[in-house]
file work19.csv (CSV, C-alpha atoms)
chain,number,residue,atom,x,y,z
A,264,MET,CA,4.3,15.4,-4.2
A,265,GLN,CA,5.5,12.5,-2.1
A,266,ASN,CA,6.3,13.2,1.6
A,267,PRO,CA,6.4,10.0,3.6
A,268,ARG,CA,7.6,11.7,6.7
A,269,LEU,CA,4.8,14.2,6.8
A,270,SER,CA,2.2,11.4,6.0
A,271,ALA,CA,3.6,9.3,8.8
A,272,VAL,CA,3.4,12.1,11.3
A,273,TYR,CA,-0.2,12.9,10.5
A,274,ALA,CA,-1.1,9.2,10.5
A,275,LYS,CA,0.6,8.7,13.9
A,276,SER,CA,-1.3,11.6,15.4
A,277,LEU,CA,-4.6,10.3,14.1
A,278,ALA,CA,-3.7,6.8,15.4
A,279,ASP,CA,-2.9,8.2,18.8
A,280,LEU,CA,-6.2,10.1,18.9
A,281,ALA,CA,-8.1,7.0,17.8
A,282,ILE,CA,-6.4,4.9,20.5
A,283,GLU,CA,-7.2,7.6,23.1
A,284,GLN,CA,-10.8,7.7,22.0
A,285,LYS,CA,-11.0,3.9,21.7
A,286,LYS,CA,-12.0,4.1,18.1
A,287,LEU,CA,-9.0,2.6,16.3
A,288,ASP,CA,-11.0,0.1,14.3
A,289,THR,CA,-13.6,2.8,13.3
A,290,ILE,CA,-10.9,5.1,12.1
A,291,PHE,CA,-9.2,2.2,10.3
A,292,SER,CA,-12.4,1.5,8.4
A,293,ASP,CA,-12.6,5.2,7.5
A,294,MET,CA,-9.1,5.2,6.2
A,295,GLN,CA,-9.8,2.1,4.1
A,296,TYR,CA,-12.8,3.9,2.7
A,297,ILE,CA,-10.7,7.0,1.9
A,298,LYS,CA,-8.0,4.8,0.3
A,299,ALA,CA,-10.7,3.1,-1.9
A,300,VAL,CA,-12.1,6.5,-3.0
A,301,CYS,CA,-8.7,7.8,-3.9
A,302,GLY,CA,-7.9,4.5,-5.7
A,303,ALA,CA,-11.1,4.6,-7.7
A,304,SER,CA,-11.0,8.3,-8.6
A,305,ARG,CA,-7.9,9.8,-10.1
A,306,GLU,CA,-9.9,13.1,-10.5
A,307,PHE,CA,-10.5,13.2,-6.7
A,308,VAL,CA,-6.8,12.9,-6.0
A,309,GLN,CA,-6.0,15.6,-8.5
A,310,LEU,CA,-8.7,17.8,-7.0
A,311,LEU,CA,-7.0,17.4,-3.5
A,312,LYS,CA,-3.7,18.4,-4.9
A,313,SER,CA,-4.9,21.3,-7.1
A,314,PRO,CA,-3.7,24.8,-5.9
A,315,ILE,CA,-6.4,26.4,-8.1
A,316,ILE,CA,-9.4,25.0,-6.2
A,317,PHE,CA,-10.2,26.9,-3.1
A,318,ALA,CA,-10.2,25.2,0.3
A,319,ASP,CA,-13.9,25.8,1.0
A,320,LYS,CA,-14.8,24.1,-2.3
A,321,LYS,CA,-12.5,21.1,-1.4
A,322,GLN,CA,-14.1,21.0,2.0
A,323,ALA,CA,-17.6,20.8,0.5
A,324,ILE,CA,-16.6,18.1,-1.9
A,325,ILE,CA,-14.8,15.9,0.7
A,326,ASN,CA,-17.9,16.4,3.0
A,327,ASP,CA,-20.2,15.3,0.2
A,328,ILE,CA,-18.1,12.2,-0.5
A,329,THR,CA,-17.6,11.1,3.1
A,330,LYS,CA,-20.9,12.2,4.6
A,331,GLY,CA,-22.4,9.3,6.6
A,332,LYS,CA,-19.5,7.0,5.6
A,333,VAL,CA,-16.8,8.2,8.0
A,334,SER,CA,-16.8,9.0,11.7
A,335,ASP,CA,-16.8,12.5,13.2
A,336,ILE,CA,-13.1,12.1,14.1
A,337,THR,CA,-12.1,11.4,10.5
A,338,ALA,CA,-14.3,14.3,9.3
A,339,ALA,CA,-12.7,16.7,11.7
A,340,PHE,CA,-9.3,15.3,10.7
A,341,ASN,CA,-10.1,16.0,7.0
A,342,THR,CA,-11.1,19.6,8.0
A,343,LEU,CA,-7.8,20.0,9.8
A,344,LEU,CA,-5.9,18.9,6.8
A,345,ILE,CA,-7.7,21.4,4.6
A,346,LYS,CA,-7.1,24.2,7.1
A,347,LYS,CA,-3.4,23.4,7.2
A,348,GLY,CA,-3.2,23.0,3.4
A,349,ARG,CA,-2.2,19.4,3.6
A,350,GLU,CA,-5.3,17.8,1.9
A,351,GLY,CA,-3.1,16.7,-1.1
A,352,TYR,CA,-1.4,14.2,1.2
A,353,LEU,CA,-4.7,12.5,2.2
A,354,PRO,CA,-4.1,9.4,0.1
A,355,GLN,CA,-0.6,9.0,1.6
A,356,ILE,CA,-1.8,9.6,5.1
A,357,ALA,CA,-4.5,7.0,4.7
A,358,ASP,CA,-1.9,4.5,3.5
A,359,ALA,CA,0.4,5.4,6.4
A,360,PHE,CA,-2.4,5.0,8.9
A,361,ILE,CA,-3.3,1.6,7.6
A,362,GLU,CA,0.4,0.6,7.9
A,363,GLN,CA,0.5,1.8,11.5
A,364,TYR,CA,-2.8,0.0,12.3
A,365,ASN,CA,-1.3,-3.2,10.9
A,366,LYS,CA,1.9,-2.7,12.9
A,367,LEU,CA,-0.1,-2.1,16.1
A,368,ASN,CA,-2.1,-5.3,15.5
A,369,GLY,CA,0.7,-7.5,14.3
A,370,ILE,CA,-0.7,-7.8,10.8
A,371,ASN,CA,1.9,-8.4,8.1
A,372,SER,CA,1.1,-7.1,4.6
A,373,VAL,CA,2.1,-9.5,1.8
A,374,LYS,CA,1.7,-8.9,-1.9
A,375,VAL,CA,1.9,-11.9,-4.3
A,376,THR,CA,2.1,-11.2,-8.1
A,377,THR,CA,1.6,-14.1,-10.5
A,378,ALA,CA,1.1,-14.6,-14.2
A,379,VAL,CA,-2.4,-16.0,-13.7
A,380,PRO,CA,-4.9,-15.4,-10.9
A,381,LEU,CA,-4.3,-17.5,-7.8
A,382,SER,CA,-6.7,-20.2,-6.8
A,383,GLU,CA,-7.9,-20.4,-3.2
A,384,LYS,CA,-5.8,-23.6,-2.7
A,385,ASN,CA,-2.6,-21.8,-3.8
A,386,LYS,CA,-3.5,-18.7,-1.6
A,387,ASN,CA,-3.9,-21.0,1.4
A,388,ASN,CA,-0.6,-22.8,0.6
A,389,ILE,CA,1.2,-19.4,0.5
A,390,LEU,CA,-0.4,-18.3,3.8
A,391,ALA,CA,0.6,-21.6,5.4
A,392,LYS,CA,4.2,-21.3,4.2
A,393,LEU,CA,4.4,-17.7,5.4
A,394,LYS,CA,3.2,-18.8,8.8
A,395,THR,CA,5.6,-21.7,9.1
A,396,GLU,CA,8.7,-20.4,7.3
A,397,VAL,CA,8.6,-16.7,8.1
A,398,GLY,CA,6.7,-16.8,11.4
A,399,PHE,CA,3.8,-14.5,10.5
A,400,ASP,CA,0.7,-15.0,12.6
A,401,LYS,CA,-1.6,-12.6,10.9
A,402,VAL,CA,-1.3,-12.0,7.2
A,403,GLU,CA,-3.1,-9.6,4.9
A,404,LEU,CA,-2.6,-11.1,1.4
A,405,GLU,CA,-2.9,-8.9,-1.6
A,406,THR,CA,-2.8,-10.5,-5.0
A,407,ALA,CA,-1.9,-9.1,-8.4
A,408,VAL,CA,-1.6,-10.5,-11.9
A,409,ASP,CA,1.2,-9.6,-14.3
A,410,ALA,CA,1.3,-11.7,-17.5
A,411,ASP,CA,4.9,-10.6,-18.2
A,412,LEU,CA,6.1,-12.9,-15.4
A,413,ILE,CA,5.3,-15.8,-17.7
A,414,GLY,CA,5.1,-18.2,-14.7
A,415,GLY,CA,6.1,-18.4,-11.1
A,416,PHE,CA,5.5,-15.6,-8.6
A,417,VAL,CA,6.9,-12.5,-7.0
A,418,LEU,CA,6.4,-12.1,-3.2
A,419,GLU,CA,6.8,-8.8,-1.4
A,420,PHE,CA,6.8,-8.3,2.4
A,421,ASN,CA,8.6,-6.2,5.0
A,422,ASN,CA,10.8,-4.6,2.3
A,423,ASN,CA,11.8,-8.0,1.1
A,424,LEU,CA,11.3,-9.3,-2.5
A,425,VAL,CA,11.3,-12.9,-3.5
A,426,ASP,CA,11.3,-13.2,-7.2
A,427,ALA,CA,10.7,-16.8,-8.3
A,428,SER,CA,9.4,-15.9,-11.8
A,429,ILE,CA,10.2,-17.4,-15.1
A,430,ALA,CA,10.9,-13.9,-16.5
A,431,ARG,CA,13.7,-13.4,-13.9
A,432,ASP,CA,15.2,-16.8,-14.8
A,433,LEU,CA,15.2,-15.8,-18.5
A,434,ARG,CA,16.9,-12.5,-17.6
A,435,ASP,CA,19.5,-14.4,-15.6
A,436,ILE,CA,20.2,-16.8,-18.5
A,437,LYS,CA,20.4,-13.8,-20.9
A,438,LYS,CA,22.9,-12.1,-18.7
A,439,GLN,CA,25.0,-15.3,-18.5
A,440,PHE,CA,25.1,-15.5,-22.3
A,441,GLN,CA,26.0,-11.8,-22.6
A,442,GLN,CA,28.9,-12.2,-20.2
A,443,ASN,CA,30.2,-15.3,-22.0
A,444,LEU,CA,32.1,-16.6,-18.9
A,445,TYR,CA,33.1,-19.9,-20.5
A,446,VAL,CA,34.5,-18.8,-23.9
A,447,GLN,CA,37.9,-18.0,-22.3
A,448,ASN,CA,38.1,-21.5,-20.8
A,449,ILE,CA,37.7,-23.3,-24.2
A,450,LYS,CA,41.2,-22.3,-25.6
call {"tool": "encode", "arguments": {"input": "work19.csv", "output": "structure tokens"}}
result
Amino acid sequence: MQNPRLSAVYAKSLADLAIEQKKLDTIFSDMQYIKAVCGASREFVQLLKSPIIFADKKQAIINDITKGKVSDITAAFNTLLIKKGREGYLPQIADAFIEQYNKLNGINSVKVTTAVPLSEKNKNNILAKLKTEVGFDKVELETAVDADLIGGFVLEFNNNLVDASIARDLRDIKKQFQQNLYVQNIK
């Protein structure tokens, strides 16, 4: 049930309202909270998407989870989503809002995946390189660990992928052996 266009439209509307009310940072914190709740509870996301559970029950559950933790604007927005039958898109809308907030504030989101956890020194080196080489002023760095990389790193930003991992090098070598480019030249 992915619909990035719908999510972006709702997120843009919420961002416009937040800017108008001068509460952009507050709503951003609310969306981070909602994203964290959705990330921590798969059951909550399934509940939002379930056609079997009635809207009033979903409203009560969302109110219980967010009571005192989100602003009145976000609570009203959640109610609007439920009335429109769009509550299943709430996790995507939260992500889209965070993306729009970052864009408005010039924050670049970067994900680094390594075989072992990054040290603070390495994180700082990566941030410095991004600022000098790519020209990013503000960087939000997300780190992940994937032992299958063997070594090196994978860097993702602005729909770009820099794969400097040992696993990719091994795949490239395997491909070269499978193509056998140099056997014809031996004759």
call {"tool": "residues_around", "arguments": {"input": "work19.csv", "residues": "Thr377 (chain A)", "least_positions_apart": "6", "cutoff": "12 Å", "atoms": "only C-alpha atoms", "output": "PyMOL selection string"}}
result
chain A and resi 385-386+405-419+426-430
call {"tool": "atom_distance", "arguments": {"input": "work19.csv", "atom1": "CA of Thr329 (chain A)", "atom2": "CA of Arg268 (chain A)"}}
result
25.5 Å
call {"tool": "atom_distance", "arguments": {"input": "work19.csv", "atom1": "CA of Leu404 (chain A)", "atom2": "CA of Val373 (chain A)"}}
result
5.0 Å
call {"tool": "residues_around", "arguments": {"input": "work19.csv", "residues": "Leu367 (chain A)", "least_positions_apart": "5", "cutoff": "10 Å", "atoms": "only C-alpha atoms", "output": "list in words"}}
result
Ala278, Ile361 and Glu362 of chain A
call {"tool": "residues_near_point", "arguments": {"input": "work19.csv", "point": "(-4.3, 9.9, 1.6)", "cutoff": "12 Å", "atoms": "only C-alpha atoms", "output": "PyMOL selection string"}}
result
chain A and resi 264-267+269-271+273-274+293-302+307-309+311-312+337+340-341+344+349-361
call {"tool": "closest_residue", "arguments": {"input": "work19.csv", "among": "A:Asn388, A:Gln363, A:Asn423, A:Gln322", "to": "Ile282 (chain A)", "atoms": "all atoms listed in the file"}}
result
A:Gln363
call {"tool": "residues_around", "arguments": {"input": "work19.csv", "residues": "Leu393 (chain A)", "least_positions_apart": "6", "cutoff": "9 Å", "atoms": "all atoms listed in the file", "output": "PyMOL selection string"}}
result
chain A and resi 399-400+402
call {"tool": "closest_residue", "arguments": {"input": "work19.csv", "among": "A:Gln439, A:Asn326, A:Ser334, A:Ser304", "to": "Ala281 (chain A)", "atoms": "only C-alpha atoms"}}
result
A:Ser334
call {"tool": "closest_residue", "arguments": {"input": "work19.csv", "among": "A:Ile336, A:Ile436, A:Lys347, A:Val379", "to": "Lys286 (chain A)", "atoms": "all atoms listed in the file"}}
result
A:Ile336
call {"tool": "atom_distance", "arguments": {"input": "work19.csv", "atom1": "CA of Ile370 (chain A)", "atom2": "CA of Asn421 (chain A)"}}
result
11.1 Å
call {"tool": "closest_residue", "arguments": {"input": "work19.csv", "among": "A:Gly398, A:Lys332, A:Leu343, A:Leu424", "to": "Leu277 (chain A)", "atoms": "all atoms listed in the file"}}
result
A:Leu343
call {"tool": "closest_residue", "arguments": {"input": "work19.csv", "among": "A:Lys366, A:Lys330, A:Lys285, A:Lys374", "to": "Glu403 (chain A)", "atoms": "only C-alpha atoms"}}
result
A:Lys374
call {"tool": "closest_residue", "arguments": {"input": "work19.csv", "among": "A:Asp335, A:Ile325, A:Gly348, A:Thr342", "to": "Gln284 (chain A)", "atoms": "all atoms listed in the file"}}
result
A:Asp335
